[in-house]
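Dropping protein.cif in here (mmCIF, C-alpha atoms):
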data_target
loop_
_atom_site.label_atom_id
_atom_site.label_comp_id
_atom_site.auth_asym_id
_atom_site.auth_seq_id
_atom_site.Cartn_x
_atom_site.Cartn_y
_atom_site.Cartn_z
CA MET A 1338 16.25 16.92 -8.20
CA ALA A 1339 16.86 14.27 -5.55
CA TYR A 1340 13.90 12.19 -4.46
CA ASP A 1341 13.71 13.19 -0.81
CA PHE A 1342 11.77 15.55 1.45
CA LEU A 1343 13.60 18.61 0.16
CA GLY A 1344 13.11 17.58 -3.45
CA LEU A 1345 9.36 17.04 -3.00
CA VAL A 1346 8.89 20.38 -1.24
CA ASN A 1347 10.79 22.11 -4.04
CA ASP A 1348 8.55 20.37 -6.59
CA VAL A 1349 5.65 22.09 -4.84
CA ASN A 1350 7.51 25.41 -4.70
CA ARG A 1351 8.23 25.37 -8.42
CA ALA A 1352 4.63 24.51 -9.23
CA VAL A 1353 3.42 27.67 -7.48
CA ASN A 1354 6.36 29.88 -8.54
CA GLU A 1355 7.99 30.10 -5.12
CA VAL A 1356 11.73 30.21 -4.38
CA GLU A 1357 13.25 26.78 -3.85
CA LEU A 1358 14.73 25.78 -0.51
CA ASN A 1359 18.10 24.20 0.18
CA SER A 1360 19.51 21.87 2.83
CA SER A 1361 20.79 24.81 4.89
CA ASN A 1362 17.51 26.69 5.36
CA PHE A 1363 15.10 23.74 5.11
CA SER A 1364 14.75 23.11 8.85
CA SER A 1365 14.15 26.74 9.84
CA VAL A 1366 11.52 27.90 7.32
CA VAL A 1367 8.21 29.40 8.46
CA GLY A 1368 4.99 30.60 6.86
CA PHE A 1369 4.23 29.28 3.40
CA TYR A 1370 7.31 27.07 3.27
CA ALA A 1371 6.48 25.39 6.56
CA HIS A 1372 3.00 24.77 5.19
CA ALA A 1373 4.48 23.25 2.02
CA LYS A 1374 6.42 20.79 4.17
CA ASP A 1375 3.24 19.91 6.07
CA ALA A 1376 1.41 19.52 2.76
CA VAL A 1377 3.90 16.93 1.49
CA ASN A 1378 3.52 14.91 4.68
CA SER A 1379 -0.28 15.20 4.49
CA SER A 1380 -0.18 13.85 0.95
CA LEU A 1381 2.00 10.91 1.98
CA ARG A 1382 -0.22 10.14 4.98
CA THR A 1383 -3.28 10.02 2.73
CA ILE A 1384 -1.58 7.64 0.31
CA ASN A 1385 -0.37 5.36 3.11
CA HIS A 1386 -3.81 5.34 4.75
CA GLN A 1387 -5.61 4.38 1.55
CA GLU A 1388 -4.58 0.70 1.61
CA TYR A 1389 -3.60 -1.72 4.34
CA GLN A 1390 -1.16 -3.61 2.15
CA TRP A 1391 0.83 -1.30 -0.09
CA PRO A 1392 3.80 -3.52 -1.06
CA PHE A 1393 6.24 -0.65 -0.54
CA ASN A 1394 5.31 -0.69 3.16
CA HIS A 1395 5.96 -4.42 3.53
CA VAL A 1396 8.39 -5.41 6.30
CA THR A 1397 9.91 -8.78 7.24
CA GLN A 1398 10.59 -8.83 10.97
CA GLU A 1399 12.76 -11.11 13.10
CA ASP A 1400 12.33 -11.28 16.89
CA THR A 1401 14.29 -13.33 19.39
CA LEU A 1402 12.01 -15.25 21.74
CA THR A 1403 12.44 -15.41 25.49
CA PRO A 1404 12.15 -18.88 27.05
CA GLY A 1405 8.84 -19.24 28.86
CA VAL A 1406 7.33 -16.02 27.45
CA ILE A 1407 4.20 -16.47 25.33
CA ARG A 1408 3.11 -12.92 24.35
CA TYR A 1409 5.09 -10.38 22.30
CA SER A 1410 4.24 -6.84 21.21
CA TYR A 1411 3.83 -5.80 17.59
CA PRO A 1412 6.48 -3.45 16.17
CA ALA A 1413 5.49 0.13 16.96
CA ASN A 1414 4.85 1.04 13.30
CA THR A 1415 2.62 -1.95 12.51
CA LYS A 1416 -0.42 -1.18 10.38
CA THR A 1417 -1.53 -4.76 9.77
CA LEU A 1418 0.08 -8.06 10.70
CA ASP A 1419 0.01 -11.05 8.33
CA MET A 1420 -0.73 -14.01 10.60
CA ASN A 1421 -0.12 -16.46 7.75
CA THR A 1422 3.60 -15.66 7.60
CA PHE A 1423 4.81 -16.70 11.06
CA ARG A 1424 7.63 -19.22 11.15
CA ILE A 1425 10.44 -20.27 13.46
CA LYS A 1426 13.75 -19.68 11.71
CA ARG A 1427 16.32 -22.43 11.32
CA ASP A 1428 19.06 -22.26 13.93
CA ASN A 1429 21.77 -24.89 13.70
CA THR A 1430 23.15 -23.90 17.10
CA LEU A 1431 19.80 -24.46 18.82
CA GLY A 1432 19.15 -27.55 16.69
CA ASN A 1433 15.85 -26.56 15.03
CA ALA A 1434 14.78 -26.43 11.40
CA THR A 1435 12.50 -23.79 9.93
CA GLN A 1436 8.92 -24.46 10.95
CA ARG A 1437 5.80 -22.61 9.90
CA LEU A 1438 3.34 -21.84 12.70
CA ASP A 1439 -0.34 -22.75 12.52
CA LYS A 1440 -2.90 -20.08 13.34
CA LEU A 1441 -4.80 -20.43 16.57
CA SER A 1442 -7.74 -18.27 17.56
CA TYR A 1443 -7.42 -16.31 20.78
CA GLU A 1444 -10.59 -18.00 22.09
CA ASP A 1445 -9.12 -21.45 21.49
CA PHE A 1446 -5.93 -20.45 23.26
CA LEU A 1447 -7.93 -19.31 26.28
CA ASP A 1448 -10.08 -22.46 26.24
CA LYS A 1449 -7.28 -24.99 25.82
CA TYR A 1450 -3.90 -23.55 26.72
CA ALA A 1451 -4.35 -20.48 28.94
CA ASP A 1452 -2.89 -22.20 32.02
CA SER A 1453 0.49 -22.52 30.30
CA GLU A 1454 0.85 -18.74 30.51
CA TYR A 1455 0.66 -18.82 34.30
CA ASP A 1456 2.46 -22.10 34.96
CA THR A 1457 5.83 -20.39 34.81
CA THR A 1458 7.71 -22.90 36.98
CA ASN A 1459 6.86 -25.98 34.91
CA THR A 1460 9.60 -25.96 32.29
CA SER A 1461 8.49 -29.32 30.90
CA ILE A 1462 5.67 -27.63 28.94
CA ARG A 1463 8.18 -25.46 27.05
CA LYS A 1464 8.97 -26.61 23.53
CA LEU A 1465 9.49 -25.37 20.00
CA PRO A 1466 6.35 -23.26 19.32
CA GLU A 1467 3.84 -24.75 16.90
CA LYS A 1468 0.96 -22.24 16.94
CA VAL A 1469 0.50 -18.48 16.81
CA PHE A 1470 -2.48 -16.38 17.87
CA ARG A 1471 -3.43 -12.71 17.85
CA THR A 1472 -4.45 -11.01 21.09
CA PRO A 1473 -6.83 -8.02 21.39
CA ALA A 1474 -3.94 -5.82 22.63
CA GLN A 1475 -1.61 -5.44 19.62
CA GLU A 1476 0.30 -8.57 20.58
CA PHE A 1477 0.85 -12.01 19.14
CA GLY A 1478 1.24 -15.16 21.20
CA LEU A 1479 3.02 -18.46 20.67
CA TYR A 1480 2.19 -21.94 21.92
CA PRO A 1481 3.81 -23.99 23.36
CA PRO A 1482 5.92 -21.50 25.31
CA PRO A 1483 9.44 -21.49 23.84
CA ASP A 1484 12.11 -23.46 25.67
CA LYS A 1485 14.99 -21.67 23.90
CA ALA A 1486 15.75 -18.27 22.37
CA TYR A 1487 14.39 -19.18 18.95
CA THR A 1488 14.03 -16.58 16.21
CA VAL A 1489 10.48 -15.96 14.99
CA VAL A 1490 10.07 -14.44 11.55
CA TYR A 1491 6.88 -12.74 10.36
CA GLU A 1492 5.73 -10.10 7.93
CA TYR A 1493 3.68 -6.97 8.36
CA TYR A 1494 2.74 -3.72 6.66
CA SER A 1495 4.03 -0.58 8.30
CA LEU A 1496 2.54 2.86 8.75
CA PRO A 1497 5.49 5.14 7.95
CA THR A 1498 6.34 8.14 10.09
CA ASP A 1499 6.28 11.69 8.73
CA LEU A 1500 9.33 13.01 6.89
CA ALA A 1501 11.37 15.43 8.98
CA LEU A 1502 14.93 15.88 7.72
CA HIS A 1503 15.68 17.36 4.30
CA ASN A 1504 17.13 14.05 3.06
CA ASP A 1505 14.39 11.77 4.41
CA VAL A 1506 13.06 9.51 1.64
CA PRO A 1507 9.41 8.35 1.52
CA THR A 1508 8.52 4.69 1.25
CA VAL A 1509 6.29 5.51 -1.74
CA PRO A 1510 8.36 4.74 -4.89
CA GLU A 1511 9.74 7.64 -6.92
CA GLN A 1512 7.64 6.70 -9.94
CA PHE A 1513 4.66 8.15 -8.01
CA ARG A 1514 6.41 11.41 -7.21
CA ARG A 1515 3.92 13.46 -9.18
CA ILE A 1516 1.00 11.95 -7.27
CA ILE A 1517 2.58 13.00 -3.96
CA VAL A 1518 3.07 16.53 -5.33
CA GLU A 1519 -0.54 16.78 -6.54
CA GLY A 1520 -1.75 15.80 -3.09
CA ALA A 1521 0.50 18.45 -1.54
CA LEU A 1522 -0.64 21.07 -4.06
CA TYR A 1523 -4.24 20.51 -2.99
CA HIS A 1524 -3.34 21.67 0.53
CA VAL A 1525 -1.18 24.53 -0.76
CA PHE A 1526 -3.92 25.88 -3.02
CA MET A 1527 -6.44 25.63 -0.19
CA PHE A 1528 -3.99 27.55 2.00
CA ARG A 1529 -3.90 30.27 -0.65
CA GLY A 1530 -7.67 30.31 -1.11
CA ASP A 1531 -7.48 29.05 -4.70
CA ASN A 1532 -10.33 26.56 -4.50
CA GLU A 1533 -10.53 25.90 -8.25
CA SER A 1534 -6.87 24.87 -8.51
CA ALA A 1535 -7.21 22.90 -5.27
CA GLN A 1536 -10.07 20.84 -6.66
CA LEU A 1537 -8.17 20.15 -9.87
CA SER A 1538 -5.16 18.92 -7.91
CA LEU A 1539 -7.43 16.81 -5.71
CA GLN A 1540 -8.93 15.14 -8.79
CA LYS A 1541 -5.46 14.35 -10.14
CA PHE A 1542 -4.38 13.07 -6.73
CA ASN A 1543 -7.37 10.76 -6.35
CA GLN A 1544 -6.92 9.45 -9.89
CA GLY A 1545 -3.25 8.83 -9.11
CA ILE A 1546 -4.14 6.76 -6.05
CA LYS A 1547 -6.63 4.83 -8.16
CA ASP A 1548 -3.87 4.10 -10.67
CA MET A 1549 -1.60 2.93 -7.85
CA ARG A 1550 -4.30 0.52 -6.70
CA GLY A 1551 -4.54 -0.80 -10.26
CA ILE A 1552 -0.83 -1.53 -10.26
CA TYR A 1553 -0.41 -2.96 -6.76
CA ILE A 1554 -3.72 -3.99 -5.22
CA ASN A 1555 -6.34 -5.02 -7.77
CA ARG A 1556 -5.02 -8.48 -8.49
CA TYR A 1557 -7.33 -11.28 -9.62
CA GLU A 1558 -6.65 -14.96 -9.08
CA TYR A 1559 -7.71 -17.16 -11.97
CA LEU A 1560 -9.05 -20.65 -11.47
CA ARG A 1561 -7.68 -23.39 -13.67
CA ASP A 1562 -10.17 -25.85 -15.12
CA THR A 1563 -8.82 -29.32 -14.23
CA ARG A 1564 -11.75 -31.30 -15.64
CA VAL A 1565 -10.80 -34.12 -17.97
CA ALA A 1566 -12.54 -34.03 -21.36
CA PHE A 1567 -13.81 -37.38 -22.69
#
Please rewrite the model in this file as structure tokens.
Amino acid sequence: MAYDFLGLVNDVNRAVNEVELNSSNFSSVVGFYAHAKDAVNSSLRTINHQEYQWPFNHVTQEDTLTPGVIRYSYPANTKTLDMNTFRIKRDNTLGNATQRLDKLSYEDFLDKYADSEYDTTNTSIRKLPEKVFRTPAQEFGLYPPPDKAYTVVYEYYSLPTDLALHNDVPTVPEQFRRIIVEGALYHVFMFRGDNESAQLSLQKFNQGIKDMRGIYINRYEYLRDTRVAF
């Protein structure tokens, strides 16, 4: 069975002894089958909401800067932005090497450099950006204002959208397929009024998420003892 929206819904259907769907009737189903589709998306939403930095939701983004413009909006699907990853990308045509940007607090920007945002006619203050700051409005800012259409590269963790088409594929890796199905089965059993089976599926689902954290999130950095023994 393919690992896509249709395949996951049919995993649920088989688990509760329902007829499987196909690509032709998938979009038009109602009743229980529509609920099974909602249940798969509910399961995926719960998984994606459990951690800010699931590696399978990691995105590397490139934006082209506009000369003189300081503030830029986050991508629409941003869950959390990694401010430590901002860099200006090498561009041999523009004549710049790759340069990592230093973090600047929004308060320091307002205290020291805010006038550069309004001094739009003074092109002499425009240069290759050296600093990046986060605004309160889902934006990041760069200072100095760019003097050319540089490319800024940064990394963030996305919040995926719901699956819709029969061949949509989740960002969650296929190795965790059973965890997705257990989360969906919880909603399906609740829909049917089978509270005992629902609670059992919920336990398996929560344990599955815990196992995912153990694989991806719970990393420990070890300190190396550099003392010299005499």
* Asked: Hey, can you check how far CA of Glu1444 in chain A sits from CA of Val1489 in chain A?
  -> 22.3 Å
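For the pair CA of Glu1519 in chain A and CA of Arg1550 in chain A, the separation is 16.7 Å.
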* Structure fact -> For Ser1442 in chain A, the closest of A:Lys1485, A:Arg1471, A:His1524, A:Arg1529 counting all atoms listed in the file is A:Arg1471
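Against this structure, the PyMOL selection byres ((chain A and resi 1484) around 6) ends up with Pro1404, Arg1463, Lys1464, Pro1483 and Lys1485 of chain A.
With distances restricted to all atoms listed in the file, A:Val1377 is the closest residue to Leu1345 in chain A from A:Ile1425, A:Ala1474, A:Ala1501, A:Val1377.
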* Just how far from CA of Asn1421 in chain A is CA of Asp1452 in chain A, in Å to one decimal? -> 25.1 Å
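Residue neighbourhood of Thr1401 in chain A, excluding near-sequence residues (fewer than 4 positions): Ala1486, Tyr1487, Thr1488 and Val1489 of chain A, at 8 Å, using all atoms listed in the file.
Note on the selection: in this file the PyMOL selection byres ((chain A and resi 1496) around 8) comes out as Asn1385, His1386, Asn1394, Asn1414, Thr1415, Lys1416, Tyr1494, Ser1495, Pro1497 and Thr1498 of chain A.
Closest approach to Ser1410 in chain A among A:Phe1477, A:Tyr1553, A:Tyr1491, A:Tyr1340: A:Phe1477, based on all atoms listed in the file.
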